[in-house]
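K.L.:
There's a structure below that I have some questions on.
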Amino acid sequence: MASQIPDVISLAQGIPSFDTPEVVKKAAIKALNKGLVAKYSLTYGLPELRETIEEKLAEEGMYYDFENEIVVTVGSIEAITASLVTIIDGKKNEIVLFSPSYASYAEAVKVAGGKPVFVNLDEKNGWSVDFGSLEKKITANTAGILFANPNNPTGTVMGKETLLRIAELAEKKKFYIITDEVYKDFLYGEYEGKSLFSLAQVPELRKRVIRVFSLSKAYAMTGWRIGFVHSDEEVIKEIVKVHDALVTCAPVISQYAAMAALDFADKDIERFREEYARRRDITMAHLDELSEFFSYEKPNGAYFVFPKLLPKRDSWQFAHDLLEKAGVAVVPGVAFGPNGESHIRISFGRTEKDIDRAFERIKTYFRKGSV
C-alpha cells in the first residue's frame with residue numbers, strides 16, 4: 001500500500017539505512033573476478049567460511065565444529081524454517097512463540113507443518129516472560145520454542161536468568177529451543193558494552209539448542225541473504241537434509257562477502273550501533289512529546305520500539321489511517337501476534353532525517369484531530 005503513495009516515509013521495514021561496508025563489497029567483487037562464484041558450494045557452505053564462523057563463535061564462548069555443526073543458510077529465516085521442519089513431526093507439532101514476536105515466525109511454523117502456540121509477554125514488566133503462562137502452554141505435543149533475543153518488535157532483551165529458566169523447562173519437558181540472535185550486536189541502555197548471553201554457550205544444552213544468526217542486520221547485508229545455523233552434530237545432520245532440499249546451498253558470492261564481513265567489518269558494526277543508539281534516543285524523545293497518544297517500554301536492543309496506542313484501538317486501522325493521512329508507514333502490532341494488538345512497530349533503523357520528518361507528520365496528524 002505504501003508503495004502506491006508518493007513521498008511516503010517508512011518507519012516500517014526492519015532494513016538498515018546503511019550500505020554494506022566497502023570491505024565486504026570489495027571481497028565479493030574480487031571473488032567474482034577470480035571466477036570463484038559461478039558454481040555451487042558444498043551444501044554445508046564453503047569450508048573456509050565455516051572455519052571463520054567457528055572462530056567467531058569461539059570468541060563469544062560458543063564451541064562448534066565447522067565441519068559437522070555449522071550450516072551456512074539463506075539468511076536467518078531459511079535457517080529457522082529448516083530447523084522447524086526438522087523438529088516438527090506427527091505428534092510433536094506445536095511450536096511456542098512469544099507474543100509479540102517476529103511476524104514471520106508463525107508463518108514459518110505453518111509452512112513446516114506445525115501449529116503456533118502463543119504465550120503473551122508481560123508488557124507491564126518490560127515485556128518479560130510470564131513463566132506461569134509459559135508452563136501452561138507446554139504439552140506433550142510441544143516440539144520447541146522459537147524466539148528472537150533481542151526481541152523484534154519490542155526491542156527488549158532476555159537476560160541470563162530468564163534464558164536458563166527456559167532451558168530448564170526445555171530439559172524437563174524435552175523440547176528444542178531455537179534462538180534467533182540476529183540483533184545481538186545492537187544493545188543499548190543497561191546492556192550497553194555487554195555481550196548477549198546465549199544458551200548456545202552452555203555445553204550441557206548443545207543437543208537442545210539451535211542457534212540462528214544472520215548477517216543481514218549486523219553488517220547491513222539484508223539483500224545478500226546470508227546467515228548460519230549451529231547446533232550439536234546430531235541435530236545439524238538432520239537440518240542440513242532439509243536445507244539441501246530447500247536451497248542446495250547459500251549464494252556463493254554472498255558466502256565470500258560473509259567471510260570478509262566476519263573477518264574485517266567489526267568496526268562497521270560498532271559505527272552502526274552508535275548511530276542506532278542515537279536514533280533510539282531521538283525516537284524516544286519524539287514519543288515522549290506524544291505521551292498523550294502513545295506509551296512505550298524503552299528498547300534495550302535491536303532497532304525497534306513498540307508503542308501502545310492511547311486509547312487502545314485497532315492497530316491495522318490506525319496504521320492504514322496514518323499511511324493515508326500522514327504518509328507515514330508503520331507496522332500494525334497485530335502482525336506480531338494477538339498480544340501485539342493496539343500497538344505499532346516503529347523502526348529507528350532509518351535515517352535521522354526520516355525519523356524526524358516522519359514524527360513531524362505524526363504530530364501534525366494528531367494536531368489535526370485525525371484520531
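Identifiers in this document derive from the order of the C-alpha cells: chains are assigned A, B, ..., residues are numbered from 1 separately in each chain, and ligands are numbered from 1 in order of occurrence.
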Pick out the residues sitting within 7 Å of A:Asn141, and hand them over as a list of chain:residue names; count only C-alpha atoms, and ignore anything fewer than 6 positions along from it in its own chain.

P.N.:
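In the requested form, the answer reads A:Lys91, A:Lys92, A:Asn93, A:Glu94.
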
K.L.:
Which polymer residues have any atom within 12 Å of an atom of A:Lys217, counting only C-alpha atoms, with same-chain residues fewer than 4 positions away left out, as a VMD selection string?

P.N.:
chain A and resid 13 to 20 75 to 76 181 to 186 213 221 to 227 261 268 to 269 272 to 273 276 302 to 303 349

K.L.:
Go through A:Pro21, A:Gly114, A:Gly301, A:Gly193 one by one, measure the shortest atom-to-atom distance of each to A:Asn149 using only C-alpha atoms, and give the residue with the smallest value.

P.N.:
A:Gly301

K.L.:
List the spatial neighbours of A:Met62 as a PDB file with N, CA and C atoms, in the first residue's frame - criterion: any atom at most 8 Å away, only C-alpha atoms, same-chain residues fewer than 6 positions off excluded.

P.N.:
```
ATOM      1  N   ALA A 200      23.507 -21.155  23.703  1.00  0.00           N
ATOM      2  CA  ALA A 200      24.479 -21.938  22.939  1.00  0.00           C
ATOM      3  C   ALA A 200      25.870 -21.907  23.573  1.00  0.00           C
ATOM      4  N   GLN A 201      26.046 -21.074  24.592  1.00  0.00           N
ATOM      5  CA  GLN A 201      27.311 -21.027  25.331  1.00  0.00           C
ATOM      6  C   GLN A 201      27.389 -22.113  26.405  1.00  0.00           C
ATOM      7  N   VAL A 202      26.269 -22.791  26.649  1.00  0.00           N
ATOM      8  CA  VAL A 202      26.220 -23.794  27.718  1.00  0.00           C
ATOM      9  C   VAL A 202      26.408 -25.185  27.108  1.00  0.00           C
TER      10      VAL A 202
END
```

K.L.:
I'd like to know which residues of stretch 174-365 of chain A are helix (DSSP H, G or I) (by DSSP, run on the backbone); could you write them as a PyMOL selection string?

P.N.:
chain A and resi 189-191+199-201+203-205+215-218+222-224+233-247+252-264+266-289+315-326+333-336+338-340+352-365

K.L.:
Compile the contact shell of A:Thr142 as a list of chain:residue names: residues with an atom at most 10 Å away, counting only C-alpha atoms, same-chain residues fewer than 6 positions apart removed.

P.N.:
A:Ile87, A:Ile88, A:Lys91, A:Lys92, A:Asn93, A:Glu94, A:Ile95, A:Val96, A:Gly114, A:Lys115, A:Pro116, A:Val117, A:Ala170, A:Lys173, A:Lys174, A:Phe175, A:Tyr176

K.L.:
When you look at A:Phe318 with a cut-off of 10 Å (counting only C-alpha atoms), what residues show up, excluding the ones that are within fewer than 5 positions of it in the same chain? I need them as a PyMOL selection string.

P.N.:
chain A and resi 309+313+323-324+330-332+342-344+370-371

K.L.:
Output C-alpha atoms of each residue in that selection to a file, as a PDB file, in the first residue's frame.

P.N.:
```
ATOM      1  CA  LEU A 309      -1.825   3.336  21.194  1.00  0.00           C
ATOM      2  CA  ARG A 313      -7.610   0.860  19.220  1.00  0.00           C
ATOM      3  CA  LEU A 323      -0.404   5.976   5.943  1.00  0.00           C
ATOM      4  CA  GLU A 324      -3.271   7.611   4.064  1.00  0.00           C
ATOM      5  CA  VAL A 330       4.432   1.734  10.385  1.00  0.00           C
ATOM      6  CA  VAL A 331       3.644  -1.928  11.086  1.00  0.00           C
ATOM      7  CA  PRO A 332       0.373  -2.686  12.905  1.00  0.00           C
ATOM      8  CA  SER A 342      -3.258  -1.863  19.950  1.00  0.00           C
ATOM      9  CA  HIS A 343       0.454  -1.243  19.304  1.00  0.00           C
ATOM     10  CA  ILE A 344       2.563  -0.258  16.313  1.00  0.00           C
ATOM     11  CA  SER A 370      -7.298  12.696  12.855  1.00  0.00           C
ATOM     12  CA  VAL A 371      -7.810  10.105  15.576  1.00  0.00           C
TER      13      VAL A 371
END
```

K.L.:
Atom CA of A:Glu69 to atom CA of A:Arg165: how many Å, to one decimal?

P.N.:
25.0 Å

K.L.:
With a distance cut-off of 12 Å and only C-alpha atoms, select the neighbouring residues of A:Pro47, excluding the residue or stretch itself and same-chain residues fewer than 3 positions from it, and output the selection as a list in words.

P.N.:
Ser41, Leu42, Thr43, Tyr44, Arg50, Glu51, Thr52, Ile53, Glu54, Asp65, Phe66, Glu67, Asn68, Glu69, Ile70, Val71, Val72, Val252, Gln255, Tyr256 and Met259 of chain A

K.L.:
Take the residues that were just selected and, keeping C-alpha atoms, output them as a PDB file, in the first residue's frame.

P.N.:
```pdb
ATOM      1  CA  SER A  41      29.436 -24.699  -2.777  1.00  0.00           C
ATOM      2  CA  LEU A  42      29.143 -27.739  -0.533  1.00  0.00           C
ATOM      3  CA  THR A  43      25.660 -27.938   0.962  1.00  0.00           C
ATOM      4  CA  TYR A  44      27.057 -27.036   4.393  1.00  0.00           C
ATOM      5  CA  ARG A  50      32.537 -22.210   8.231  1.00  0.00           C
ATOM      6  CA  GLU A  51      36.031 -22.092   9.750  1.00  0.00           C
ATOM      7  CA  THR A  52      35.649 -18.326  10.074  1.00  0.00           C
ATOM      8  CA  ILE A  53      32.269 -18.806  11.750  1.00  0.00           C
ATOM      9  CA  GLU A  54      33.750 -21.384  14.132  1.00  0.00           C
ATOM     10  CA  ASP A  65      32.919 -27.835  14.849  1.00  0.00           C
ATOM     11  CA  PHE A  66      32.891 -26.158  11.433  1.00  0.00           C
ATOM     12  CA  GLU A  67      32.761 -29.483   9.583  1.00  0.00           C
ATOM     13  CA  ASN A  68      29.711 -31.018  11.255  1.00  0.00           C
ATOM     14  CA  GLU A  69      27.907 -28.449  13.408  1.00  0.00           C
ATOM     15  CA  ILE A  70      27.574 -25.294  11.280  1.00  0.00           C
ATOM     16  CA  VAL A  71      25.448 -24.785   8.146  1.00  0.00           C
ATOM     17  CA  VAL A  72      25.550 -21.610   6.050  1.00  0.00           C
ATOM     18  CA  VAL A 252      28.268 -18.457  -3.150  1.00  0.00           C
ATOM     19  CA  GLN A 255      29.405 -16.573   1.240  1.00  0.00           C
ATOM     20  CA  TYR A 256      32.599 -14.801   0.166  1.00  0.00           C
ATOM     21  CA  MET A 259      33.748 -14.174   5.158  1.00  0.00           C
TER      22      MET A 259
END
```

K.L.:
List the spatial neighbours of stretch 154-156 of chain A as a PyMOL selection string - criterion: any atom at most 6 Å away, only C-alpha atoms, same-chain residues fewer than 2 positions off excluded.

P.N.:
chain A and resi 150-152+299-302+304-306

K.L.:
With only C-alpha atoms as the basis for distance, which of A:Val212, A:Ala103, A:Ile253, A:Ala148 is at the shortest distance from A:Leu36?

P.N.:
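Among the listed residues, the smallest separation from A:Leu36 belongs to A:Ile253.
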
K.L.:
Which residue out of A:Glu190, A:Arg367, A:Pro100, A:Val8 has the minimum interatomic distance to A:Glu123 when only C-alpha atoms are used?

P.N.:
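Going through A:Glu190, A:Arg367, A:Pro100, A:Val8 one by one, the smallest distance to A:Glu123 is for A:Pro100.
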
K.L.:
So, counting only C-alpha atoms, which residue among A:Phe228, A:Leu187, A:Ala218, A:Met158 is closest to A:Val240?

P.N.:
A:Phe228

K.L.:
So the first atom is atom CA of A:Phe293 and the second is atom CA of A:Arg278; what is the distance between them in Å, to one decimal place?

P.N.:
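Going from atom CA of A:Phe293 over to atom CA of A:Arg278 covers 23.0 Å.
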
K.L.:
With distances taken over only C-alpha atoms, which of A:Gly340, A:Gly144, A:Gly90, A:Pro6 is nearest to A:Val109?

P.N.:
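Smallest distance to A:Val109 is found for A:Gly144.
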